[in-house]
Structures are given as structure tokens and as C-alpha cells.
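Undergrad: One file is attached below, upload_26.cif, containing mmCIF, C-alpha atoms and all ligand atoms.
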```
data_upload
loop_
_atom_site.label_atom_id
_atom_site.label_comp_id
_atom_site.auth_asym_id
_atom_site.auth_seq_id
_atom_site.Cartn_x
_atom_site.Cartn_y
_atom_site.Cartn_z
CA MET F 540 30.05 -15.01 6.01
CA SER F 541 28.02 -14.99 2.84
CA ASP F 542 28.71 -18.69 2.00
CA GLU F 543 26.88 -19.69 5.21
CA ILE F 544 23.74 -17.87 4.14
CA LYS F 545 20.95 -20.03 2.82
CA VAL F 546 20.32 -19.37 -0.85
CA GLU F 547 16.68 -18.44 -1.46
CA ASP F 548 15.06 -19.58 -4.69
CA LEU F 549 13.18 -16.32 -5.01
CA LEU F 550 13.39 -13.04 -3.19
CA ILE F 551 10.71 -10.46 -3.91
CA LEU F 552 11.50 -6.83 -3.18
CA GLY F 553 8.35 -4.87 -2.39
CA ALA F 554 4.93 -5.76 -1.00
CA GLY F 555 2.52 -3.71 -3.09
CA PRO F 556 0.09 -5.31 -5.55
CA ALA F 557 2.95 -6.48 -7.82
CA GLY F 558 5.08 -7.95 -5.03
CA LEU F 559 2.21 -9.66 -3.25
CA ALA F 560 0.71 -11.07 -6.45
CA ALA F 561 4.17 -12.39 -7.35
CA ALA F 562 4.40 -13.91 -3.87
CA LEU F 563 1.03 -15.63 -4.28
CA TYR F 564 1.96 -17.17 -7.63
CA ALA F 565 5.46 -18.14 -6.52
CA ALA F 566 4.18 -19.67 -3.27
CA ARG F 567 1.66 -21.75 -5.19
CA ALA F 568 4.51 -22.91 -7.44
CA ASP F 569 6.40 -24.11 -4.33
CA LEU F 570 9.21 -21.56 -4.63
CA ASN F 571 8.84 -20.66 -0.94
CA PRO F 572 9.29 -16.95 -1.77
CA LEU F 573 10.65 -14.45 0.70
CA VAL F 574 9.12 -10.98 0.43
CA MET F 575 11.11 -7.99 1.64
CA THR F 576 8.28 -5.58 2.44
CA GLY F 577 10.20 -2.30 2.57
CA THR F 578 8.61 0.51 4.52
CA GLU F 579 5.25 0.53 2.74
CA LEU F 580 3.43 -2.74 3.17
CA GLY F 581 0.66 -2.74 0.59
CA GLY F 582 2.41 -0.06 -1.47
CA GLN F 583 0.59 2.98 -2.75
CA ALA F 584 -2.64 0.98 -3.03
CA ALA F 585 -2.78 0.67 0.76
CA LEU F 586 -2.77 4.46 1.02
CA THR F 587 -5.73 4.81 -1.33
CA ASP F 588 -9.08 5.38 0.33
CA ARG F 589 -11.23 3.34 -2.07
CA ILE F 590 -10.39 1.31 -5.11
CA GLU F 591 -13.31 1.04 -7.49
CA ASN F 592 -11.65 -0.45 -10.52
CA TYR F 593 -10.23 -3.70 -9.19
CA PRO F 594 -12.49 -6.42 -10.59
CA GLY F 595 -14.44 -8.53 -8.15
CA PHE F 596 -15.45 -5.69 -5.85
CA PRO F 597 -18.58 -4.14 -7.39
CA GLU F 598 -19.03 -1.81 -4.43
CA GLY F 599 -15.33 -0.87 -4.34
CA VAL F 600 -12.88 -1.87 -1.65
CA GLY F 601 -10.67 0.04 0.78
CA GLY F 602 -7.04 0.21 -0.37
CA ALA F 603 -5.73 -1.01 2.98
CA GLU F 604 -8.30 -3.81 3.05
CA LEU F 605 -7.39 -4.98 -0.46
CA SER F 606 -3.69 -4.95 0.44
CA GLU F 607 -4.39 -7.04 3.53
CA LEU F 608 -6.35 -9.52 1.42
CA PHE F 609 -3.43 -9.74 -1.03
CA GLN F 610 -1.08 -10.42 1.87
CA LYS F 611 -3.32 -13.08 3.48
CA ASN F 612 -3.76 -14.75 0.12
CA ALA F 613 0.00 -15.00 -0.43
CA GLU F 614 0.70 -16.12 3.14
CA ARG F 615 -1.97 -18.81 2.96
CA PHE F 616 0.20 -20.58 0.39
CA GLY F 617 3.42 -20.12 2.35
CA ALA F 618 4.91 -16.79 1.23
CA ARG F 619 7.15 -15.43 3.99
CA LEU F 620 7.16 -11.70 4.71
CA GLU F 621 10.27 -10.05 6.11
CA TYR F 622 9.58 -6.58 7.51
CA ASP F 623 12.84 -5.08 6.41
CA THR F 624 14.17 -2.86 3.62
CA ALA F 625 16.84 -3.62 1.05
CA THR F 626 19.70 -1.14 1.36
CA GLU F 627 22.20 -2.62 -1.11
CA VAL F 628 22.08 -5.13 -3.94
CA ASP F 629 24.93 -6.84 -5.72
CA LEU F 630 23.79 -8.18 -9.07
CA THR F 631 27.30 -8.81 -10.42
CA LYS F 632 27.16 -12.53 -9.62
CA ARG F 633 24.49 -15.17 -9.08
CA PRO F 634 23.19 -15.96 -6.49
CA TYR F 635 22.50 -12.29 -6.05
CA THR F 636 23.25 -10.56 -2.76
CA ILE F 637 20.70 -8.35 -1.05
CA LYS F 638 21.64 -6.47 2.09
CA THR F 639 18.95 -5.06 4.35
CA TYR F 640 19.11 -2.96 7.50
CA SER F 641 19.50 -6.08 9.62
CA ASN F 642 20.51 -8.95 7.39
CA GLU F 643 22.07 -10.28 4.21
CA PHE F 644 20.32 -12.57 1.73
CA LEU F 645 21.34 -14.61 -1.28
CA ALA F 646 18.83 -15.41 -4.00
CA LYS F 647 18.87 -17.37 -7.23
CA SER F 648 16.13 -15.14 -8.58
CA LEU F 649 14.78 -11.74 -7.78
CA ILE F 650 11.52 -9.94 -8.54
CA ILE F 651 11.91 -6.21 -8.14
CA ALA F 652 8.53 -4.72 -7.27
CA VAL F 653 9.57 -1.69 -5.27
CA GLY F 654 7.05 0.67 -6.87
CA ALA F 655 7.19 4.41 -7.17
CA SER F 656 7.13 7.48 -4.93
CA PRO F 657 5.33 10.80 -5.32
CA ASN F 658 7.07 13.52 -7.31
CA LYS F 659 7.96 16.76 -5.61
CA LEU F 660 7.30 20.23 -6.97
CA LYS F 661 10.82 21.28 -5.92
CA ILE F 662 9.74 24.78 -4.89
CA PRO F 663 10.79 26.90 -1.92
CA GLY F 664 8.95 25.91 1.25
CA GLU F 665 8.11 22.37 0.09
CA ASP F 666 10.64 20.55 2.27
CA GLN F 667 10.26 23.01 5.14
CA PHE F 668 6.51 22.46 5.45
CA ARG F 669 6.36 18.74 4.68
CA GLY F 670 4.28 17.28 7.53
CA LYS F 671 3.43 20.83 8.62
CA GLY F 672 0.63 21.36 6.15
CA ILE F 673 2.17 19.80 3.05
CA SER F 674 1.23 16.22 2.28
CA TYR F 675 1.45 13.70 -0.54
CA CYS F 676 -1.33 11.45 0.81
CA ALA F 677 -4.90 12.57 1.45
CA THR F 678 -5.91 9.26 3.02
CA CYS F 679 -3.07 9.60 5.53
CA ASP F 680 -3.42 13.28 6.39
CA GLY F 681 -6.87 14.49 5.29
CA TRP F 682 -8.26 14.12 8.79
CA PHE F 683 -5.96 16.87 10.06
CA PHE F 684 -7.76 19.42 7.90
CA LYS F 685 -11.27 19.28 9.35
CA GLU F 686 -13.12 22.48 8.37
CA LYS F 687 -9.88 23.89 6.94
CA LYS F 688 -9.05 25.29 3.51
CA VAL F 689 -6.81 23.07 1.43
CA ALA F 690 -5.32 23.26 -2.05
CA VAL F 691 -4.35 20.40 -4.32
CA VAL F 692 -1.92 20.63 -7.21
CA GLY F 693 -2.20 18.36 -10.24
CA GLY F 694 -4.71 17.53 -12.94
CA GLY F 695 -4.52 13.73 -13.09
CA ASP F 696 -6.60 10.95 -11.54
CA SER F 697 -4.72 11.19 -8.24
CA ALA F 698 -5.31 14.93 -7.84
CA LEU F 699 -9.04 14.55 -8.44
CA GLU F 700 -9.53 11.36 -6.48
CA GLU F 701 -7.60 12.66 -3.50
CA GLY F 702 -9.23 16.09 -3.85
CA LEU F 703 -12.65 14.44 -3.68
CA PHE F 704 -11.55 12.48 -0.62
CA LEU F 705 -10.44 15.70 1.07
CA THR F 706 -13.94 17.19 0.74
CA ARG F 707 -14.98 14.84 3.55
CA TYR F 708 -12.97 16.94 5.96
CA ALA F 709 -11.95 20.25 4.46
CA SER F 710 -14.27 23.24 4.16
CA SER F 711 -12.94 23.90 0.65
CA VAL F 712 -10.61 22.21 -1.82
CA THR F 713 -8.97 24.31 -4.52
CA ILE F 714 -7.43 22.30 -7.33
CA ILE F 715 -4.61 24.14 -9.06
CA HIS F 716 -3.67 22.86 -12.49
CA ARG F 717 -1.01 24.10 -14.87
CA ARG F 718 -3.24 23.74 -17.93
CA ASP F 719 -6.91 24.43 -18.69
CA GLU F 720 -7.69 20.78 -19.37
CA LEU F 721 -7.57 17.92 -16.90
CA ARG F 722 -5.66 14.72 -17.51
CA ALA F 723 -7.96 12.74 -15.18
CA GLY F 724 -10.59 10.30 -16.45
CA ALA F 725 -14.14 11.41 -17.28
CA ILE F 726 -15.89 9.94 -14.22
CA LEU F 727 -13.57 11.63 -11.77
CA GLN F 728 -13.82 14.89 -13.69
CA LYS F 729 -17.62 14.79 -13.49
CA ARG F 730 -17.59 14.03 -9.77
CA ALA F 731 -15.11 16.80 -9.02
CA MET F 732 -16.95 19.40 -11.12
CA LYS F 733 -20.21 18.51 -9.36
CA ASN F 734 -18.76 18.77 -5.86
CA GLU F 735 -19.66 22.08 -4.24
CA LYS F 736 -16.56 22.17 -2.07
CA ILE F 737 -14.21 21.89 -5.06
CA SER F 738 -13.08 24.82 -7.19
CA PHE F 739 -10.41 25.02 -9.86
CA ILE F 740 -7.64 27.46 -10.67
CA TRP F 741 -6.50 26.87 -14.24
CA ASP F 742 -3.28 27.60 -16.13
CA THR F 743 -1.49 28.17 -12.88
CA VAL F 744 1.59 26.87 -11.09
CA VAL F 745 2.55 27.09 -7.45
CA THR F 746 5.96 28.73 -7.12
CA GLU F 747 6.38 28.96 -3.35
CA VAL F 748 4.82 27.87 -0.08
CA LYS F 749 4.84 30.47 2.67
CA GLY F 750 4.06 30.34 6.36
CA ASP F 751 5.47 30.55 9.82
CA GLN F 752 4.96 27.34 11.85
CA GLY F 753 2.91 25.75 9.05
CA VAL F 754 1.51 26.40 5.59
CA GLU F 755 -0.32 29.72 5.34
CA ARG F 756 -0.11 30.89 1.73
CA LEU F 757 0.74 29.61 -1.73
CA VAL F 758 2.36 31.88 -4.26
CA LEU F 759 0.71 31.30 -7.63
CA GLU F 760 1.71 32.26 -11.14
CA ASN F 761 -0.56 32.24 -14.14
CA VAL F 762 1.41 30.56 -16.94
CA LYS F 763 -0.43 32.48 -19.67
CA ASP F 764 -0.10 36.07 -18.49
CA GLY F 765 2.63 35.67 -15.84
CA LYS F 766 0.39 37.31 -13.19
CA LYS F 767 1.32 36.46 -9.60
CA SER F 768 -1.10 36.07 -6.71
CA GLU F 769 -1.33 34.45 -3.30
CA LEU F 770 -3.84 31.90 -2.04
CA GLU F 771 -4.48 31.46 1.68
CA VAL F 772 -4.66 27.81 2.69
CA ASP F 773 -4.12 25.64 5.75
CA GLY F 774 -3.02 22.57 3.84
CA PHE F 775 -1.40 21.79 0.51
CA PHE F 776 -1.56 18.38 -1.17
CA ILE F 777 0.79 17.56 -4.04
CA PHE F 778 -0.27 14.96 -6.64
CA ILE F 779 1.88 15.47 -9.72
CA GLY F 780 2.77 11.91 -10.62
CA HIS F 781 5.40 9.48 -9.41
CA ARG F 782 8.97 8.39 -9.99
CA PRO F 783 10.15 4.77 -9.81
CA ASN F 784 12.18 3.75 -6.75
CA THR F 785 15.14 2.47 -8.69
CA LEU F 786 18.13 4.27 -7.19
CA LEU F 787 19.27 1.01 -5.57
CA PHE F 788 19.78 -0.57 -8.99
CA LYS F 789 21.58 2.30 -10.71
CA GLY F 790 24.54 1.07 -12.72
CA GLN F 791 23.43 -2.56 -12.39
CA LEU F 792 20.20 -2.69 -14.36
CA GLU F 793 19.13 -0.93 -17.52
CA MET F 794 16.78 2.03 -16.96
CA ASP F 795 15.05 4.50 -19.23
CA GLU F 796 15.62 8.25 -18.97
CA LYS F 797 12.99 8.55 -16.21
CA GLY F 798 14.52 5.75 -14.13
CA TYR F 799 12.00 3.01 -14.99
CA LEU F 800 13.61 -0.43 -15.18
CA VAL F 801 13.75 -1.79 -18.70
CA THR F 802 12.33 -5.29 -19.14
CA ASP F 803 11.12 -7.35 -22.07
CA GLU F 804 7.44 -8.32 -22.40
CA ARG F 805 8.09 -11.24 -20.03
CA MET F 806 9.21 -8.99 -17.15
CA ARG F 807 12.84 -10.04 -17.66
CA THR F 808 15.72 -7.66 -17.17
CA LYS F 809 18.96 -8.42 -19.01
CA LEU F 810 20.27 -10.35 -15.97
CA PRO F 811 19.29 -14.02 -15.65
CA GLY F 812 16.73 -14.52 -12.90
CA VAL F 813 16.17 -10.81 -12.30
CA PHE F 814 12.62 -9.69 -13.07
CA ALA F 815 10.74 -6.46 -12.45
CA ALA F 816 7.01 -5.88 -12.00
CA GLY F 817 4.59 -3.09 -11.19
CA GLU F 818 5.23 0.65 -11.22
CA VAL F 819 8.97 0.15 -11.16
CA ASN F 820 8.90 -0.81 -14.84
CA ASP F 821 5.50 0.48 -15.90
CA PRO F 822 5.37 4.10 -17.02
CA HIS F 823 2.12 3.45 -18.93
CA TYR F 824 -0.72 1.95 -16.84
CA ARG F 825 0.09 2.12 -13.12
CA GLN F 826 -3.11 0.47 -11.94
CA VAL F 827 -3.54 -2.03 -9.12
CA ILE F 828 -4.73 -4.65 -11.59
CA THR F 829 -1.90 -4.14 -14.08
CA SER F 830 0.71 -4.19 -11.31
CA ALA F 831 -0.79 -7.37 -9.86
CA GLY F 832 -0.83 -8.90 -13.34
CA MET F 833 2.81 -8.01 -13.90
CA GLY F 834 3.70 -9.54 -10.53
CA ALA F 835 1.94 -12.78 -11.44
CA ALA F 836 3.71 -12.84 -14.82
CA ALA F 837 7.12 -12.26 -13.22
CA ALA F 838 6.52 -15.12 -10.77
CA ILE F 839 5.51 -17.47 -13.59
CA GLU F 840 8.70 -16.52 -15.47
CA ALA F 841 10.85 -17.04 -12.36
CA THR F 842 9.24 -20.45 -11.81
CA ARG F 843 9.87 -21.50 -15.41
CA LEU F 844 13.48 -20.34 -15.27
CA LEU F 845 14.27 -22.11 -11.99
CA GLU F 846 12.57 -25.30 -13.18
CA SER F 847 14.52 -25.30 -16.43
CA GLU F 848 17.78 -24.70 -14.57
CA GLU F 849 17.01 -27.60 -12.23
CA GLU F 850 16.45 -29.92 -15.20
CA ASP F 851 19.84 -28.97 -16.75
P1 LIG E 901 -0.40 11.69 -13.78
O1 LIG E 901 -1.52 11.03 -14.51
O2 LIG E 901 0.98 11.63 -14.34
O3 LIG E 901 -0.82 13.22 -13.58
C1 LIG E 901 0.06 14.12 -13.01
C2 LIG E 901 -0.59 15.49 -13.05
O4 LIG E 901 0.29 16.41 -12.42
C3 LIG E 901 -0.83 15.99 -14.46
O5 LIG E 901 -2.07 16.64 -14.54
C4 LIG E 901 0.34 16.95 -14.69
O6 LIG E 901 0.00 18.03 -15.52
C5 LIG E 901 0.59 17.47 -13.30
N1 LIG E 901 1.98 17.84 -13.10
C6 LIG E 901 3.08 17.09 -13.32
N2 LIG E 901 4.20 17.77 -12.97
C7 LIG E 901 3.80 18.97 -12.51
C8 LIG E 901 4.47 20.11 -12.00
N3 LIG E 901 5.79 20.12 -11.88
N4 LIG E 901 3.74 21.17 -11.65
C9 LIG E 901 2.38 21.14 -11.76
N5 LIG E 901 1.67 20.09 -12.21
C10 LIG E 901 2.37 19.02 -12.60
O7 LIG E 901 -0.25 11.15 -12.27
P2 LIG E 901 -1.38 10.60 -11.27
O8 LIG E 901 -2.57 11.45 -11.26
O9 LIG E 901 -0.64 10.35 -10.00
O10 LIG E 901 -1.76 9.21 -11.88
C11 LIG E 901 -0.75 8.22 -12.11
C12 LIG E 901 -1.36 6.98 -12.72
O11 LIG E 901 -2.20 6.34 -11.76
C13 LIG E 901 -2.22 7.28 -13.94
O12 LIG E 901 -2.02 6.26 -14.86
C14 LIG E 901 -3.61 7.26 -13.38
O13 LIG E 901 -4.57 6.91 -14.35
C15 LIG E 901 -3.48 6.22 -12.27
N6 LIG E 901 -4.48 6.46 -11.22
C16 LIG E 901 -5.72 5.95 -11.42
C17 LIG E 901 -6.72 6.17 -10.49
C18 LIG E 901 -8.09 5.61 -10.77
O14 LIG E 901 -8.25 4.92 -11.76
N7 LIG E 901 -9.08 5.85 -9.97
C19 LIG E 901 -6.46 6.92 -9.36
C20 LIG E 901 -5.18 7.45 -9.16
C21 LIG E 901 -4.20 7.22 -10.13
P3 LIG E 901 -0.29 17.81 -17.10
O15 LIG E 901 -1.64 17.22 -17.16
O16 LIG E 901 -0.19 19.18 -17.63
O17 LIG E 901 0.81 16.91 -17.58
#
```
Take the structure in the file and give it back as C-alpha cells.
Ligand code: NAP

TA:
Amino acid sequence: MSDEIKVEDLLILGAGPAGLAAALYAARADLNPLVMTGTELGGQAALTDRIENYPGFPEGVGGAELSELFQKNAERFGARLEYDTATEVDLTKRPYTIKTYSNEFLAKSLIIAVGASPNKLKIPGEDQFRGKGISYCATCDGWFFKEKKVAVVGGGDSALEEGLFLTRYASSVTIIHRRDELRAGAILQKRAMKNEKISFIWDTVVTEVKGDQGVERLVLENVKDGKKSELEVDGFFIFIGHRPNTLLFKGQLEMDEKGYLVTDERMRTKLPGVFAAGEVNDPHYRQVITSAGMGAAAAIEATRLLESEEED
């Protein structure tokens, strides 16, 4: 029965940089936060090979290592991690109800930091060969392509960073981009252009993935002249941006046309005590440091709100 459930002051959904930074700040403010980790402890940052733009680590730091440090830091001040995933939320009345695979929780306040997931190309063969040569994470799967030919699609920071990572294993990395100009930052562009294993195919989209047991060929189409061709590869990595994981909140919280949660500059949604932080409400920056900063801000706001409600 829900009225027997202890009401948490603060429940944090998600344990990436935003969720864990929120947990650290909330724990230090004595809110005794409970963090629902979801399936990806550490979030996308934990899947990144090296992070070179998080201040304080002049030599860079492994993504998994940084995530572990975030977690330890939050736990040191009493944040509790629950290794479970929210499956249903009811935000129609406060305290809010959060159902997970194995439990039900009530919370006076909520920080939604559930991040984003990789976009799909939505082309024939993509679902069929996922895990059989198609991957969305070079750090996770690069090792399987030792001395093999791989292709990467995308022209942003992820495509280049992950493409560079893949050169450790693969014999060649072909980056396929739909324009003739990269979106990625200058440093990554320079590194990729200099790398002998990397080549580029410009103005081209992948329209189909073909193979038998696994990926064998990509069907390509030049967007300028419409010419079709095929590229033989053993692996295909897709890095074409992300979409926020907000399906759970559809109809209950305001979202923009791409599904990002809408908050004010203080991380507040329109519902009292419901905050959002990190990639779930950030279509602009999507960096570890900005997500962590948003998490800290959301926790400060939650603390202030709960304190003011206690005084009343
Ligand atoms: P992104 O910057 O949105 O780039 C996505 C890339 O995929 C773009 O080049 C885009 O092409 C292409 N694309 C999108 N849809 C496509 C489709 N259907 N078919 C073919 N190509 C498609 O995404 P991201 O690279 O994942 O980066 C996300 C954010 O994380 C960015 O803010 C980025 O700066 C940040 N990030 C930073 C680092 C770092 O600082 N080291 C590393 C990774 C990510 P167009 O260019 O034509 O739009």
C-alpha cells in the first residue's frame, strides 16, 4: 500500500554526471537522496574512452574512472544508490510516485537526470545487425574489430572521437558524412585528418546495411549526384547525435518538439519539486561539465524548496 511507503525528500532518476553531481550536492545538504541508477551507471560519460575537457584532469581521465569518482564522491556524503530502473511515474499528486521493476517510491521532490540515447539511422538492416557488426559505442565494441575494416557515420565530435578510438583496433576507419564540412571541433578534426587509418567519404548517406550473419556491405548514396555505391566493411558505428530519454514523462511534463524537458533557468519544470538536469533538458551543450553543473544547480534548488516548505 502506497501510504506505508516512506516518503523520500529527494529521488534522483539517473546516475550520469548530472544525477551523481545532484546526489553529491543533495547529500551534503542532508537531503539523504536516493539515486535510481537505471541501466547505465555513469551514463554516456562512462562509455567514453577518455575525457579531456573536464577541468582538474590535465592529462585527461577515463570516462568510467571519472564516473566512479563521481559515485564515490556522492556516496561519501551519504547518497544512496538503488540499482533499479523507473518504469512508471505519477506526477499528478505530491508526493510523487515512482514505480521501478521491483519497488514503488514516494518522493517530495524529484530530479530527472535520465540523459539521452543514441539516434538511429532508421535504415534497412540497422536493427537486424545491431550487435552483429553495428554498434553505437566504440569504447564498448571497438575491441571486436581488431585488424578489421570499419565505417563510422556522422560528422560531429562523437563520430570523430569514436573514430579515432577505433583506429587502435581497426585496420581502417572510413568516416561517412552527409555534408562536405564537419560539425566536430577543430582539435578533433585535425587529429582525424592526420590519422593515417582514417579516410572520409563526403556528401554521402548510408541507405542500407547488407550482410548474411553480420555486416558485410553498406549501401551508399551521394547526396549531390544521387550516385549509389557499396562499401565493404566488417563493422559499422553510428554516431549521429542523441535523443532525450523522456518517454516516461510524456503527457505529464512539458517537452519541446524534440522531446527535451522544458525547464526554467533554475532547472524547474512547471511542477513543484520536479527538476530536470543534464542531457534530458539540454539540447545545447551536452558536456560532462555542463551536465554536472546542471545537476548541482537542480540539487541546490531542491534543497531551497524543501527548506522553505519546512519553514511554512
Ligand atoms: P552532433 O554534434 O549532433 O552531431 C551529429 C552528427 O551526425 C552531425 O554531423 C550530423 O550531420 C550527423 N547526422 C545527424 N543525423 C544524421 C543522419 N540521419 N544521417 C547522417 N548523418 C546524420 O552529435 P554528437 O557528435 O553526438 O555530439 C553531441 C554533443 O556532445 C555535442 O554538443 C558535442 O560537442 C558533444 N561531444 C563533445 C565531445 C568532446 O568535447 N570531446 C565528444 C563527444 C560529444 P550534420 O553535421 O550535417 O548536421

Undergrad: Could you pull the residues within 12 Å of Phe668 of chain F, counting all atoms listed in the file, minus those fewer than 4 positions along the same chain, as a list in words?

TA: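 So the residues in contact are Ile662, Pro663, Gly664, Gly672, Ile673, Ser674, Tyr675, Glu747, Val748, Lys749, Gly750, Asp751, Gln752, Gly753, Val754, Glu755, Arg756, Leu757, Asp773, Gly774, Phe775 and Phe776 of chain F.
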
Undergrad: Quick one: pull the distance between atom CA of Glu735 of chain F and atom CA of Val762 of chain F, Å, one decimal.

TA: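 Atom CA of Val762 of chain F lies at a distance of 26.0 Å from atom CA of Glu735 of chain F.
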
Undergrad: Go through F:Arg722, F:Lys729, F:Lys797, F:Arg782 one by one, measure the shortest atom-to-atom distance of each to ligand LIG 901 (chain E) using only C-alpha atoms and all ligand atoms, and give the residue with the smallest value.

TA: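 Among the listed residues, F:Arg722 lies closest to ligand LIG 901 (chain E).
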
Undergrad: How would you write, as a PyMOL selection string, the set of residues no farther than 6 Å from ligand LIG 901 (chain E) when counting only C-alpha atoms and all ligand atoms?

TA: chain F and resi 660+693-698+717-718+721-722+744+778-780+824-826

Undergrad: Starting from the point (13.4, -1.9, -14.0), work out which residues of protein, DNA or RNA have an atom no more than 7 Å away when counting only C-alpha atoms; state them as JSON, numbers by chain.

TA: {"F": [792, 793, 794, 799, 800, 801, 802, 808, 815, 819, 820]}

Undergrad: Which is closer to Glu547 of chain F than all the others in F:Leu573, F:Leu699, F:Ala625, F:Leu586, using all atoms listed in the file?

TA: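 The shortest atom-to-atom distance to Glu547 of chain F comes from F:Leu573.
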
Undergrad: Enter the distance from atom CA of Gly582 of chain F to atom CA of Ile726 of chain F, in Å, rounded to one decimal.

TA: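 Separation between atom CA of Gly582 of chain F and atom CA of Ile726 of chain F: 24.4 Å.
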
Undergrad: Select, from F:Gly617, F:Gly654, F:Gly765, F:Pro572, the residue with the minimum atom-to-atom distance to Ala838 of chain F, counting all atoms listed in the file.

TA: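 Closest to Ala838 of chain F of all the choices is F:Pro572.
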
Undergrad: Pick from F:Asp666, F:Asp821, F:Glu686, F:Asp548: nearest to Leu649 of chain F, with only C-alpha atoms counted?

TA: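 Under the stated criterion, the closest residue is F:Asp548.
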
Undergrad: Residues near Thr626 of chain F, anyone? I mean within 8 Å using all atoms listed in the file, not counting same-chain ones fewer than 5 positions away, as a PyMOL selection string.

TA: chain F and resi 637-640+787

Undergrad: State, in Å with one decimal place, the distance from atom CA of Ala562 of chain F to atom CA of Glu846 of chain F.

TA: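 We find that atom CA of Ala562 of chain F and atom CA of Glu846 of chain F lie 16.8 Å from each other.
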
Undergrad: Hey, what's within 9 Å of Ile740 of chain F if we count all atoms listed in the file and toss same-chain stuff fewer than 6 positions away? As a list in words, please?

TA: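 Near neighbours after the sequence-gap exclusion: Thr713, Ile714, Ile715, His716, Arg717 and Asp719 of chain F.
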
Undergrad: Of the candidates F:Ser847, F:Lys733, F:Met833, F:Ser606, which shows the shortest atom-to-atom distance to Glu818 of chain F, using only C-alpha atoms?

TA: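 Selected residue with least distance to Glu818 of chain F: F:Met833.
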
Undergrad: Between F:Thr746, F:Gln728, F:Asn761, F:Gln583, single out the one closest to Ala655 of chain F, counting only C-alpha atoms.

TA: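 For Ala655 of chain F, the nearest of the candidates is F:Gln583.
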
Undergrad: What's the 7 Å shell around Gly553 of chain F, counting all atoms listed in the file, without same-chain residues fewer than 4 positions away, as a PDB file with C-alpha atoms, in the frame of the given file?

TA:
```
ATOM      1  CA  GLY F 558       5.080  -7.950  -5.030  1.00  0.00           C
ATOM      2  CA  VAL F 574       9.120 -10.980   0.430  1.00  0.00           C
ATOM      3  CA  MET F 575      11.110  -7.990   1.640  1.00  0.00           C
ATOM      4  CA  THR F 576       8.280  -5.580   2.440  1.00  0.00           C
ATOM      5  CA  GLY F 577      10.200  -2.300   2.570  1.00  0.00           C
ATOM      6  CA  ILE F 651      11.910  -6.210  -8.140  1.00  0.00           C
ATOM      7  CA  ALA F 652       8.530  -4.720  -7.270  1.00  0.00           C
ATOM      8  CA  VAL F 653       9.570  -1.690  -5.270  1.00  0.00           C
TER       9      VAL F 653
END
```

Undergrad: Quick one: axis-aligned box around all listed atoms of segment 768-774 of chain F, 4 Å on every side, centre and edge lengths in Å to one decimal, written as lines of an AutoDock Vina configuration file.

TA:
```
center_x = -2.9
center_y = 29.3
center_z = -0.5
size_x = 11.6
size_y = 21.5
size_z = 20.5
```

Undergrad: Step by step: start from the point (13.4, -24.2, -10.9) in the file's coordinates, keep every protein, DNA or RNA residue that has an atom no farther than 12 Å from it, count all atoms listed in the file, and write the set as a list in words.

TA: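 Final list of nearby residues, as requested, is Glu547, Asp548, Leu549, Ala565, Ala568, Asp569, Leu570, Asn571, Lys647, Ser648, Gly812, Ala838, Ile839, Glu840, Ala841, Thr842, Arg843, Leu844, Leu845, Glu846, Ser847, Glu848, Glu849, Glu850 and Asp851 of chain F.
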
Undergrad: Excluding Lys632 of chain F and any residue of its chain fewer than 2 positions from it, enumerate the residues within 12 Å of it, using only C-alpha atoms, and give them as a PyMOL selection string.

TA: chain F and resi 628-630+634-637+645-648+791+810-813

Undergrad: Just add N, CA and C atoms to segment 570-582 of chain F and send it as a CSV table (one decimal), in the coordinates of the input.

TA:
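New file rebuild_8.csv:
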```csv
chain,number,residue,atom,x,y,z
F,570,LEU,N,7.9,-22.2,-4.6
F,570,LEU,CA,9.2,-21.6,-4.6
F,570,LEU,C,9.6,-21.0,-3.2
F,571,ASN,N,8.6,-21.1,-2.3
F,571,ASN,CA,8.8,-20.7,-0.9
F,571,ASN,C,9.4,-19.2,-0.9
F,572,PRO,N,8.7,-18.3,-1.6
F,572,PRO,CA,9.3,-17.0,-1.8
F,572,PRO,C,9.4,-16.2,-0.5
F,573,LEU,N,10.5,-15.4,-0.4
F,573,LEU,CA,10.6,-14.4,0.7
F,573,LEU,C,10.4,-13.0,0.2
F,574,VAL,N,9.5,-12.3,0.9
F,574,VAL,CA,9.1,-11.0,0.4
F,574,VAL,C,9.7,-10.0,1.4
F,575,MET,N,10.6,-9.1,0.8
F,575,MET,CA,11.1,-8.0,1.6
F,575,MET,C,10.1,-6.8,1.5
F,576,THR,N,9.4,-6.5,2.6
F,576,THR,CA,8.3,-5.6,2.4
F,576,THR,C,8.7,-4.1,2.2
F,577,GLY,N,9.9,-3.7,2.6
F,577,GLY,CA,10.2,-2.3,2.6
F,577,GLY,C,9.4,-1.6,3.6
F,578,THR,N,9.3,-0.3,3.5
F,578,THR,CA,8.6,0.5,4.5
F,578,THR,C,7.1,0.7,4.3
F,579,GLU,N,6.7,0.3,3.0
F,579,GLU,CA,5.2,0.5,2.7
F,579,GLU,C,4.5,-0.8,2.4
F,580,LEU,N,4.2,-1.5,3.4
F,580,LEU,CA,3.4,-2.7,3.2
F,580,LEU,C,2.1,-2.4,2.5
F,581,GLY,N,1.9,-3.0,1.4
F,581,GLY,CA,0.7,-2.7,0.6
F,581,GLY,C,0.9,-1.7,-0.5
F,582,GLY,N,2.1,-1.0,-0.4
F,582,GLY,CA,2.4,-0.1,-1.5
F,582,GLY,C,1.5,1.1,-1.5
```
